[in-house]
file target_26.txt (compact mmCIF, C-alpha atoms)
# COMPACT_ATOMS: atom_id res chain seq x y z
CA MET O 1 66.45 -27.27 -61.89
CA HIS O 2 66.21 -28.45 -65.47
CA GLU O 3 68.42 -26.61 -67.91
CA ARG O 4 65.42 -25.81 -70.08
CA GLU O 5 63.55 -24.28 -67.17
CA GLN O 6 66.60 -22.27 -66.14
CA GLY O 7 66.95 -21.10 -69.73
CA GLN O 8 63.34 -19.89 -69.76
CA LEU O 9 63.87 -17.96 -66.53
CA ASN O 10 67.03 -16.42 -67.96
CA GLU O 11 65.07 -15.33 -71.02
CA ILE O 12 62.37 -13.71 -68.91
CA GLU O 13 65.02 -12.01 -66.81
CA SER O 14 66.58 -10.65 -69.97
CA ARG O 15 63.22 -9.31 -71.19
CA VAL O 16 62.51 -7.71 -67.82
CA LYS O 17 65.82 -5.85 -67.93
CA ASP O 18 64.79 -4.27 -71.23
CA LEU O 19 61.46 -2.93 -69.97
CA PRO O 20 61.21 0.89 -70.01
CA LEU O 21 61.20 2.24 -66.47
CA ARG O 22 59.20 5.33 -65.75
CA GLU O 23 61.32 8.47 -65.35
CA PRO O 24 60.96 10.77 -62.36
CA SER O 25 59.77 14.25 -63.26
CA GLN O 26 62.03 17.21 -63.93
CA LEU O 27 60.53 18.79 -60.83
CA LEU O 28 62.08 16.09 -58.66
CA ASP O 29 65.45 16.63 -60.31
CA GLU O 30 65.17 20.35 -59.55
CA ARG O 31 64.11 19.73 -55.95
CA ILE O 32 67.05 17.43 -55.32
CA ALA O 33 69.50 19.77 -57.07
CA SER O 34 68.21 22.74 -55.09
CA MET O 35 68.47 20.85 -51.82
CA LEU O 36 72.02 19.68 -52.51
CA SER O 37 73.00 23.19 -53.58
CA ASN O 38 71.52 24.81 -50.45
CA ALA O 39 73.19 22.25 -48.23
CA ALA O 40 76.58 23.24 -49.62
CA GLN O 41 76.17 26.89 -48.54
CA PRO O 42 76.34 26.69 -44.74
CA SER O 43 79.86 25.24 -44.95
CA GLN O 44 81.02 28.59 -46.35
CA VAL O 45 79.94 30.54 -43.25
CA ASN O 46 82.72 31.37 -40.79
CA ARG O 47 81.58 30.19 -37.39
CA PRO O 48 82.99 31.72 -34.21
CA SER O 49 84.22 29.47 -31.41
CA ARG O 50 81.67 27.54 -29.39
CA TRP O 51 82.37 29.50 -26.21
CA ALA O 52 81.94 32.81 -27.97
CA MET O 53 78.58 31.65 -29.33
CA THR O 54 77.47 30.40 -25.91
CA ALA O 55 78.36 33.72 -24.29
CA GLN O 56 76.59 35.67 -27.02
CA LEU O 57 73.52 33.45 -26.79
CA ALA O 58 73.37 34.00 -23.04
CA ALA O 59 73.65 37.75 -23.66
CA LEU O 60 70.85 37.57 -26.21
CA ILE O 61 68.57 35.75 -23.77
CA ALA O 62 69.37 38.30 -21.06
CA LEU O 63 68.65 41.12 -23.50
CA ILE O 64 65.29 39.66 -24.51
CA ALA O 65 64.38 39.26 -20.84
CA ALA O 66 65.46 42.87 -20.16
CA VAL O 67 63.47 44.18 -23.11
CA GLY O 68 60.47 42.24 -21.91
CA ILE O 69 60.73 43.91 -18.52
CA VAL O 70 61.14 47.37 -20.11
CA LEU O 71 58.13 46.86 -22.38
CA VAL O 72 55.95 45.68 -19.49
CA PHE O 73 57.00 48.75 -17.52
CA GLN O 74 56.24 51.11 -20.41
CA LEU O 75 52.85 49.55 -21.15
CA SER O 76 51.78 50.21 -17.61
CA GLU O 77 52.41 53.95 -18.07
CA PRO O 78 50.47 56.37 -20.27
CA SER O 79 52.32 56.28 -23.59
CA PRO O 80 53.44 59.60 -25.07
CA SER O 81 52.62 60.39 -28.69
CA HIS O 82 56.16 59.48 -29.69
CA GLY O 83 57.44 56.63 -27.49
CA PRO O 84 61.13 55.83 -27.10
CA VAL O 85 62.72 53.49 -29.58
CA VAL O 86 64.70 50.62 -28.16
CA ASN O 87 67.63 50.20 -30.41
CA ALA O 88 70.30 47.81 -29.34
CA ASP O 89 72.93 45.46 -30.62
CA PRO O 90 71.35 42.13 -29.68
CA LEU O 91 74.72 40.45 -29.43
CA SER O 92 76.16 42.99 -27.05
CA ALA O 93 76.42 42.26 -23.33
CA ASP O 94 75.02 45.76 -22.67
CA GLY O 95 71.31 46.14 -22.22
CA PRO O 96 68.96 47.87 -24.64
CA VAL O 97 69.56 51.60 -25.11
CA ALA O 98 66.66 53.95 -25.64
CA THR O 99 67.51 56.34 -28.44
CA GLY O 100 64.34 58.40 -28.45
CA GLY O 101 62.70 59.43 -31.65
CA GLN O 102 59.49 58.31 -33.22
CA GLY O 103 57.62 55.26 -32.11
CA ASN O 104 58.76 52.10 -33.71
CA ARG O 105 57.00 48.81 -33.26
CA LEU O 106 59.85 46.64 -34.43
CA GLY O 107 61.66 44.53 -31.85
CA PRO O 108 65.08 45.78 -30.76
CA SER O 109 66.95 42.86 -32.24
CA MET O 110 66.02 43.61 -35.82
CA ILE O 111 66.65 47.31 -36.31
CA ASN O 112 70.30 47.85 -35.50
CA ALA O 113 72.19 49.04 -38.53
CA ASN O 114 75.25 47.01 -37.55
CA ASN O 115 73.46 43.78 -38.25
CA ALA O 116 72.81 42.62 -41.76
CA ILE O 117 69.46 40.94 -41.98
CA THR O 118 68.26 39.05 -45.00
CA PRO O 119 64.62 39.06 -46.00
CA VAL O 120 62.65 35.97 -45.13
CA ASN O 121 63.29 33.36 -47.78
CA MET O 122 61.24 30.29 -48.42
CA ILE O 123 63.88 27.61 -48.69
CA TRP O 124 61.80 24.54 -49.07
CA SER O 125 58.27 23.56 -49.85
CA ARG O 126 56.35 20.48 -50.81
CA ASP O 127 52.71 19.72 -51.46
CA LEU O 128 51.30 17.32 -48.89
CA THR O 129 47.78 16.75 -50.15
CA GLU O 130 45.77 17.97 -53.07
CA GLU O 131 42.13 17.69 -53.96
CA GLU O 132 39.59 19.28 -56.26
CA LEU O 133 36.73 21.25 -54.79
CA SER O 134 33.65 22.55 -56.49
CA ALA O 135 31.68 25.58 -55.38
CA PRO O 136 27.85 25.66 -55.54
CA SER O 137 28.24 27.98 -58.53
CA GLY O 138 30.02 25.21 -60.41
CA ALA O 139 33.43 26.84 -60.22
CA LEU O 140 36.28 24.39 -59.69
CA TYR O 141 39.20 24.86 -57.37
CA ARG O 142 42.26 22.85 -56.52
CA ALA O 143 43.11 22.90 -52.81
CA VAL O 144 46.69 22.11 -51.91
CA VAL O 145 48.09 21.79 -48.41
CA ARG O 146 51.65 22.88 -48.66
CA GLU O 147 54.45 22.44 -46.14
CA VAL O 148 56.88 25.36 -46.24
CA VAL O 149 60.09 26.18 -44.42
CA ASP O 150 60.98 29.86 -44.13
CA GLN O 151 64.51 30.89 -43.34
CA GLN O 152 65.86 34.18 -42.12
CA THR O 153 69.57 34.78 -41.71
CA TRP O 154 70.98 37.38 -39.39
CA HIS O 155 74.67 38.17 -39.48
CA ASN O 156 76.80 40.39 -37.26
CA PRO O 157 79.89 41.33 -39.28
CA GLU O 158 81.73 42.61 -36.19
CA THR O 159 81.68 39.33 -34.31
CA GLY O 160 81.25 37.06 -37.29
CA THR O 161 78.20 35.44 -35.74
CA THR O 162 75.46 34.19 -37.99
CA LEU O 163 72.05 33.22 -36.71
CA GLN O 164 69.81 31.29 -39.00
CA ILE O 165 66.22 30.60 -38.09
CA ASN O 166 64.12 28.04 -39.95
CA VAL O 167 60.41 28.17 -39.29
CA PRO O 168 58.16 25.46 -40.71
CA ARG O 169 54.56 26.25 -41.51
CA HIS O 170 51.63 24.83 -43.40
CA GLU O 171 49.59 26.80 -45.83
CA LEU O 172 46.44 26.00 -47.74
CA VAL O 173 46.58 27.13 -51.33
CA VAL O 174 43.33 27.28 -53.29
CA ILE O 175 43.78 27.58 -57.03
CA SER O 176 40.95 28.46 -59.35
CA LEU O 177 40.67 26.02 -62.23
CA PRO O 178 39.38 27.03 -65.63
CA THR O 179 36.01 25.66 -66.62
CA TYR O 180 34.88 25.38 -70.20
CA MET S 1 80.39 18.10 -49.53
CA ASN S 2 77.48 16.23 -51.06
CA HIS S 3 79.16 15.20 -54.28
CA TRP S 4 78.61 11.57 -53.40
CA LEU S 5 74.85 12.18 -53.17
CA GLU S 6 74.83 14.08 -56.45
CA HIS S 7 76.69 11.27 -58.13
CA ILE S 8 74.38 8.59 -56.76
CA TYR S 9 71.25 10.51 -57.72
CA ARG S 10 72.53 11.04 -61.24
CA GLU S 11 73.44 7.37 -61.68
CA HIS S 12 70.41 5.85 -59.97
CA ARG S 13 67.54 8.34 -60.23
CA ARG S 14 65.34 5.96 -62.25
CA GLY S 15 66.08 3.00 -60.02
CA LEU S 16 65.43 5.01 -56.86
CA PHE S 17 62.18 6.36 -58.24
CA ALA S 18 61.14 2.88 -59.42
CA LEU S 19 61.81 1.45 -55.96
CA ALA S 20 59.70 4.17 -54.35
CA MET S 21 56.96 3.60 -56.93
CA SER S 22 56.93 -0.12 -56.27
CA VAL S 23 56.26 0.65 -52.60
CA VAL S 24 53.77 3.52 -52.78
CA HIS S 25 52.20 2.97 -56.25
CA GLU S 26 51.86 6.70 -56.92
CA ALA S 27 54.28 8.92 -58.82
CA ALA S 28 53.81 12.06 -56.72
CA THR S 29 54.17 10.19 -53.44
CA ALA S 30 57.18 8.30 -54.81
CA GLU S 31 58.89 11.58 -55.65
CA ASP S 32 58.16 12.86 -52.16
CA ALA S 33 59.75 9.72 -50.76
CA VAL S 34 62.91 10.18 -52.84
CA HIS S 35 63.08 13.84 -51.82
CA GLU S 36 62.53 13.00 -48.15
CA ALA S 37 65.26 10.35 -48.27
CA PHE S 38 67.77 12.80 -49.68
CA ALA S 39 66.72 15.42 -47.13
CA ARG S 40 67.74 12.93 -44.43
CA LEU S 41 70.92 11.80 -46.18
CA ILE S 42 72.12 15.36 -46.62
CA LYS S 43 72.59 15.60 -42.87
CA LEU S 44 75.28 12.92 -42.92
CA PRO S 45 78.81 14.33 -42.61
CA GLY S 46 79.96 12.22 -45.56
CA PRO S 47 79.36 8.98 -47.44
CA PRO S 48 78.60 6.00 -45.19
CA ASP S 49 81.03 3.15 -44.70
CA GLY S 50 80.43 0.31 -47.11
CA ASP S 51 78.13 0.44 -50.12
CA ALA S 52 76.83 4.01 -50.41
CA GLY S 53 74.45 3.12 -53.24
CA ALA S 54 72.70 0.39 -51.26
CA TYR S 55 72.53 2.81 -48.32
CA VAL S 56 70.71 5.39 -50.44
CA TYR S 57 68.32 2.80 -51.84
CA ARG S 58 67.56 1.71 -48.30
CA ALA S 59 66.89 5.32 -47.27
CA VAL S 60 64.46 5.72 -50.19
CA ARG S 61 62.70 2.49 -49.28
CA ASN S 62 62.31 3.59 -45.66
CA ALA S 63 61.03 7.00 -46.73
CA ALA S 64 58.51 5.32 -49.06
CA ILE S 65 57.26 3.14 -46.22
CA ASP S 66 56.92 6.27 -44.07
CA GLN S 67 54.82 7.84 -46.82
CA ILE S 68 52.46 4.86 -46.70
CA ARG S 69 52.18 5.20 -42.94
CA LYS S 70 51.37 8.91 -43.33
CA ARG S 71 48.78 8.05 -45.94
CA GLY S 72 47.22 5.53 -43.60
CA SER S 73 46.93 8.05 -40.77
CA ARG S 74 44.84 10.44 -42.85
CA ALA S 75 41.23 9.93 -43.74
CA GLU S 76 40.45 6.99 -45.99
CA GLN S 77 41.39 7.71 -49.56
CA VAL S 78 41.41 5.65 -52.69
CA VAL S 79 44.82 5.20 -54.30
CA VAL S 80 44.85 4.30 -57.97
CA ALA S 81 48.02 2.29 -58.45
CA GLU S 82 50.28 3.56 -61.22
CA SER S 83 52.68 1.41 -63.20
CA ILE S 84 56.41 1.61 -62.60
CA PHE S 85 56.86 1.38 -66.37
CA VAL S 86 56.32 3.71 -69.28
CA THR S 87 53.41 2.23 -71.18
CA PRO S 88 53.58 2.59 -74.97
CA SER S 89 51.02 4.91 -76.50
CA ASP S 90 47.79 3.31 -77.46
CA GLU S 91 47.74 1.92 -81.00
CA ASP S 92 45.26 -0.05 -82.98
CA PRO S 93 45.48 -3.51 -81.35
CA ALA S 94 45.33 -5.13 -84.74
CA VAL S 95 48.46 -3.29 -85.79
CA ARG S 96 50.41 -3.59 -82.55
CA ALA S 97 53.39 -5.89 -82.94
CA GLU S 98 53.51 -9.12 -81.01
CA SER S 99 56.64 -8.01 -79.20
CA GLN S 100 54.77 -4.95 -77.97
CA GLU S 101 52.00 -7.17 -76.63
CA MET S 102 54.58 -9.32 -74.88
CA LYS S 103 56.13 -6.24 -73.29
CA LEU S 104 52.79 -4.95 -72.11
CA MET S 105 51.93 -8.32 -70.62
CA LEU S 106 55.27 -8.52 -68.85
CA MET S 107 54.85 -5.03 -67.42
CA LYS S 108 51.39 -5.87 -66.16
CA LEU S 109 52.55 -9.13 -64.58
CA ILE S 110 55.38 -7.38 -62.76
CA ASP S 111 53.11 -4.56 -61.60
CA ASP S 112 50.77 -7.23 -60.22
CA LEU S 113 53.42 -9.21 -58.34
CA PRO S 114 53.27 -9.26 -54.53
CA ASP S 115 55.11 -6.25 -53.09
CA ALA S 116 58.07 -8.21 -51.70
CA GLU S 117 58.72 -9.98 -55.03
CA ARG S 118 58.20 -6.89 -57.17
CA GLU S 119 60.62 -4.97 -54.99
CA VAL S 120 63.34 -7.56 -55.57
CA ILE S 121 62.71 -7.56 -59.34
CA VAL S 122 62.98 -3.76 -59.39
CA LEU S 123 66.23 -3.72 -57.43
CA ARG S 124 67.90 -6.70 -59.13
CA SER S 125 66.77 -6.62 -62.76
CA LEU S 126 65.82 -2.99 -63.26
CA ALA S 127 68.13 -1.06 -60.92
CA GLY S 128 71.01 -3.50 -61.49
CA LEU S 129 71.92 -4.18 -57.86
CA SER S 130 73.68 -7.40 -56.86
CA PHE S 131 71.90 -9.91 -54.63
CA LYS S 132 74.11 -8.81 -51.73
CA GLU S 133 73.15 -5.14 -52.30
CA VAL S 134 69.46 -6.02 -52.57
CA ALA S 135 69.75 -7.96 -49.31
CA ASP S 136 71.29 -4.87 -47.65
CA VAL S 137 68.49 -2.65 -48.94
CA VAL S 138 65.58 -4.80 -47.75
CA ASP S 139 67.43 -6.10 -44.70
CA ARG S 140 66.98 -9.79 -45.48
CA PRO S 141 69.47 -12.65 -45.97
CA VAL S 142 70.91 -13.09 -49.46
CA SER S 143 69.37 -16.55 -49.68
CA THR S 144 65.91 -15.09 -49.05
CA ILE S 145 66.44 -12.49 -51.77
CA ALA S 146 67.64 -15.08 -54.28
CA SER S 147 64.63 -17.24 -53.45
CA ARG S 148 62.18 -14.36 -53.84
CA TYR S 149 63.76 -13.37 -57.11
CA ARG S 150 63.50 -16.83 -58.56
CA LYS S 151 59.93 -17.17 -57.33
CA ALA S 152 59.02 -13.84 -58.96
CA LEU S 153 60.47 -14.89 -62.32
CA ASP S 154 58.78 -18.26 -62.00
CA THR S 155 55.41 -16.61 -61.32
CA VAL S 156 55.80 -14.38 -64.35
CA LYS S 157 56.83 -17.33 -66.52
CA ARG S 158 53.85 -19.47 -65.51
CA GLN S 159 51.38 -16.63 -66.02
CA MET S 160 52.78 -15.89 -69.46
CA GLU S 161 52.51 -19.56 -70.40
CA ALA S 162 48.92 -19.63 -69.14
CA ALA S 163 48.09 -16.53 -71.16
CA HIS S 164 49.59 -18.07 -74.32
CA ALA S 165 47.69 -21.28 -73.73
CA ARG S 166 44.43 -19.32 -73.66
CA THR S 167 45.07 -17.63 -77.03
call {"tool": "encode", "arguments": {"input": "target_26.txt", "output": "structure tokens"}}
result
Amino acid sequence: MHEREQGQLNEIESRVKDLPLREPSQLLDERIASMLSNAAQPSQVNRPSRWAMTAQLAALIALIAAVGIVLVFQLSEPSPSHGPVVNADPLSADGPVATGGQGNRLGPSMINANNAITPVNMIWSRDLTEEELSAPSGALYRAVVREVVDQQTWHNPETGTTLQINVPRHELVVISLPTY
Amino acid sequence: MNHWLEHIYREHRRGLFALAMSVVHEAATAEDAVHEAFARLIKLPGPPDGDAGAYVYRAVRNAAIDQIRKRGSRAEQVVVAESIFVTPSDEDPAVRAESQEMKLMLMKLIDDLPDAEREVIVLRSLAGLSFKEVADVVDRPVSTIASRYRKALDTVKRQMEAAHART
């Protein structure tokens, strides 16, 4: 290649390097920071041995099956005004224990005072699609399909077991836009 | 645990975003691609062997391509391509300096390059990667990358000369 031609290409390359690149938004910075920060947290949880977790998981499955059988049996009978409450440690090898009292529609695994349960937290969301809609009245709306991941953490301080459930879902968000 | 990812994002956020933009042509989709790439990378136990930066760029590129595939599977929609550059605010053309005009022309020519050539320009000239790193990102031989790069600069040069000849 001629030196002159190479020199011209070098000059263009130099100009290109000086062009102002578009910056990502602050929102992206926050999303990445949040994700990296959340990812650091699970490493702080003390995990029991694999065999202990397997045994406890098997016990949990057996408990759920047992509760299912109990509920089917109760539904087939006339229910009293105050049905028994099934209150059990879901990680225990023992079956559910009826404690009596007022009717409670919560599942047995979520109401034992020994287990600390966190509220459902939305840990992640992103907007998939977005479009503007207009109603016959002329009102404008922005419709956003959002992908969300909910997380609930359930911890048994006695055994040190932590169960974390992530549930993805989609939601449609319709936002009214101002019209002038 | 993810300090290496934090460090890479801090150092290369503009380059990563520019790469995604050069693939998907839309800022919002490009940001989704960067986010998706990091969501995948976070699952790694630690930094990969070899060049971690090139690895991350490659992950962003793959995520951007996935975004295009997703876009294609939905109903037909018109995508208005956005520039990978910050365009200067509009001024009276009579007052705008010649250097500004040159910059705008250069930006436009690069935005209009074929995808494969623009991608190499973004990675080499704008993100500062070596030819070897660019080759790792796009999974092509170094000689192919060098050839594409030179062809891209040559295209830009000829179009600028043609534009000057017309004025």
call {"tool": "atom_distance", "arguments": {"input": "target_26.txt", "atom1": "CA of Ala52 in chain S", "atom2": "CA of Ser14 in chain O"}}
result
26.5 Å
call {"tool": "interface_residues", "arguments": {"input": "target_26.txt", "of": "chain O", "to": "chain S", "cutoff": "12 Å", "atoms": "only C-alpha atoms", "output": "PyMOL selection string"}}
result
chain O and resi 1+5-44+124-131+147
call {"tool": "atom_distance", "arguments": {"input": "target_26.txt", "atom1": "CA of Lys108 in chain S", "atom2": "CA of His25 in chain S"}}
result
13.3 Å
call {"tool": "atom_distance", "arguments": {"input": "target_26.txt", "atom1": "CA of Arg142 in chain O", "atom2": "CA of Ala63 in chain S"}}
result
26.4 Å
call {"tool": "residues_around", "arguments": {"input": "target_26.txt", "residues": "Asp139 in chain S", "least_positions_apart": "6", "cutoff": "10 Å", "atoms": "all atoms listed in the file", "output": "PyMOL selection string"}}
result
chain S and resi 58+133+145
call {"tool": "closest_residue", "arguments": {"input": "target_26.txt", "among": "S:Gly53, S:Arg69, S:Pro48, S:Gln159", "to": "Leu123 in chain S", "atoms": "all atoms listed in the file"}}
result
S:Gly53
call {"tool": "closest_residue", "arguments": {"input": "target_26.txt", "among": "O:Val167, O:Pro136, O:Val174, O:Arg4", "to": "Asp150 in chain O", "atoms": "only C-alpha atoms"}}
result
O:Val167
call {"tool": "residues_around", "arguments": {"input": "target_26.txt", "residues": "Ala146 in chain S", "least_positions_apart": "3", "cutoff": "9 Å", "atoms": "all atoms listed in the file", "output": "PyMOL selection string"}}
result
chain S and resi 120+131+135+141-143+149-151
call {"tool": "write_last_selection", "arguments": {"input": "target_26.txt", "atoms": "C-alpha atoms", "output": "short mmCIF file (atom, residue, chain, number, x, y, z; two decimals), in the frame of the given file"}}
result
data_model
loop_
_atom_site.label_atom_id
_atom_site.label_comp_id
_atom_site.auth_asym_id
_atom_site.auth_seq_id
_atom_site.Cartn_x
_atom_site.Cartn_y
_atom_site.Cartn_z
CA VAL S 120 63.34 -7.56 -55.57
CA PHE S 131 71.90 -9.91 -54.63
CA ALA S 135 69.75 -7.96 -49.31
CA PRO S 141 69.47 -12.65 -45.97
CA VAL S 142 70.91 -13.09 -49.46
CA SER S 143 69.37 -16.55 -49.68
CA TYR S 149 63.76 -13.37 -57.11
CA ARG S 150 63.50 -16.83 -58.56
CA LYS S 151 59.93 -17.17 -57.33
#
call {"tool": "closest_residue", "arguments": {"input": "target_26.txt", "among": "S:Ala116, S:Ile8, S:Ala81, S:Ala64", "to": "Ser147 in chain S", "atoms": "only C-alpha atoms"}}
result
S:Ala116
call {"tool": "closest_residue", "arguments": {"input": "target_26.txt", "among": "S:Glu11, S:Leu109, S:Glu26, S:Ala163", "to": "Gln67 in chain S", "atoms": "all atoms listed in the file"}}
result
S:Glu26
call {"tool": "closest_residue", "arguments": {"input": "target_26.txt", "among": "O:Pro157, O:Glu3, O:Gln152, O:Val145", "to": "Leu172 in chain O", "atoms": "only C-alpha atoms"}}
result
O:Val145
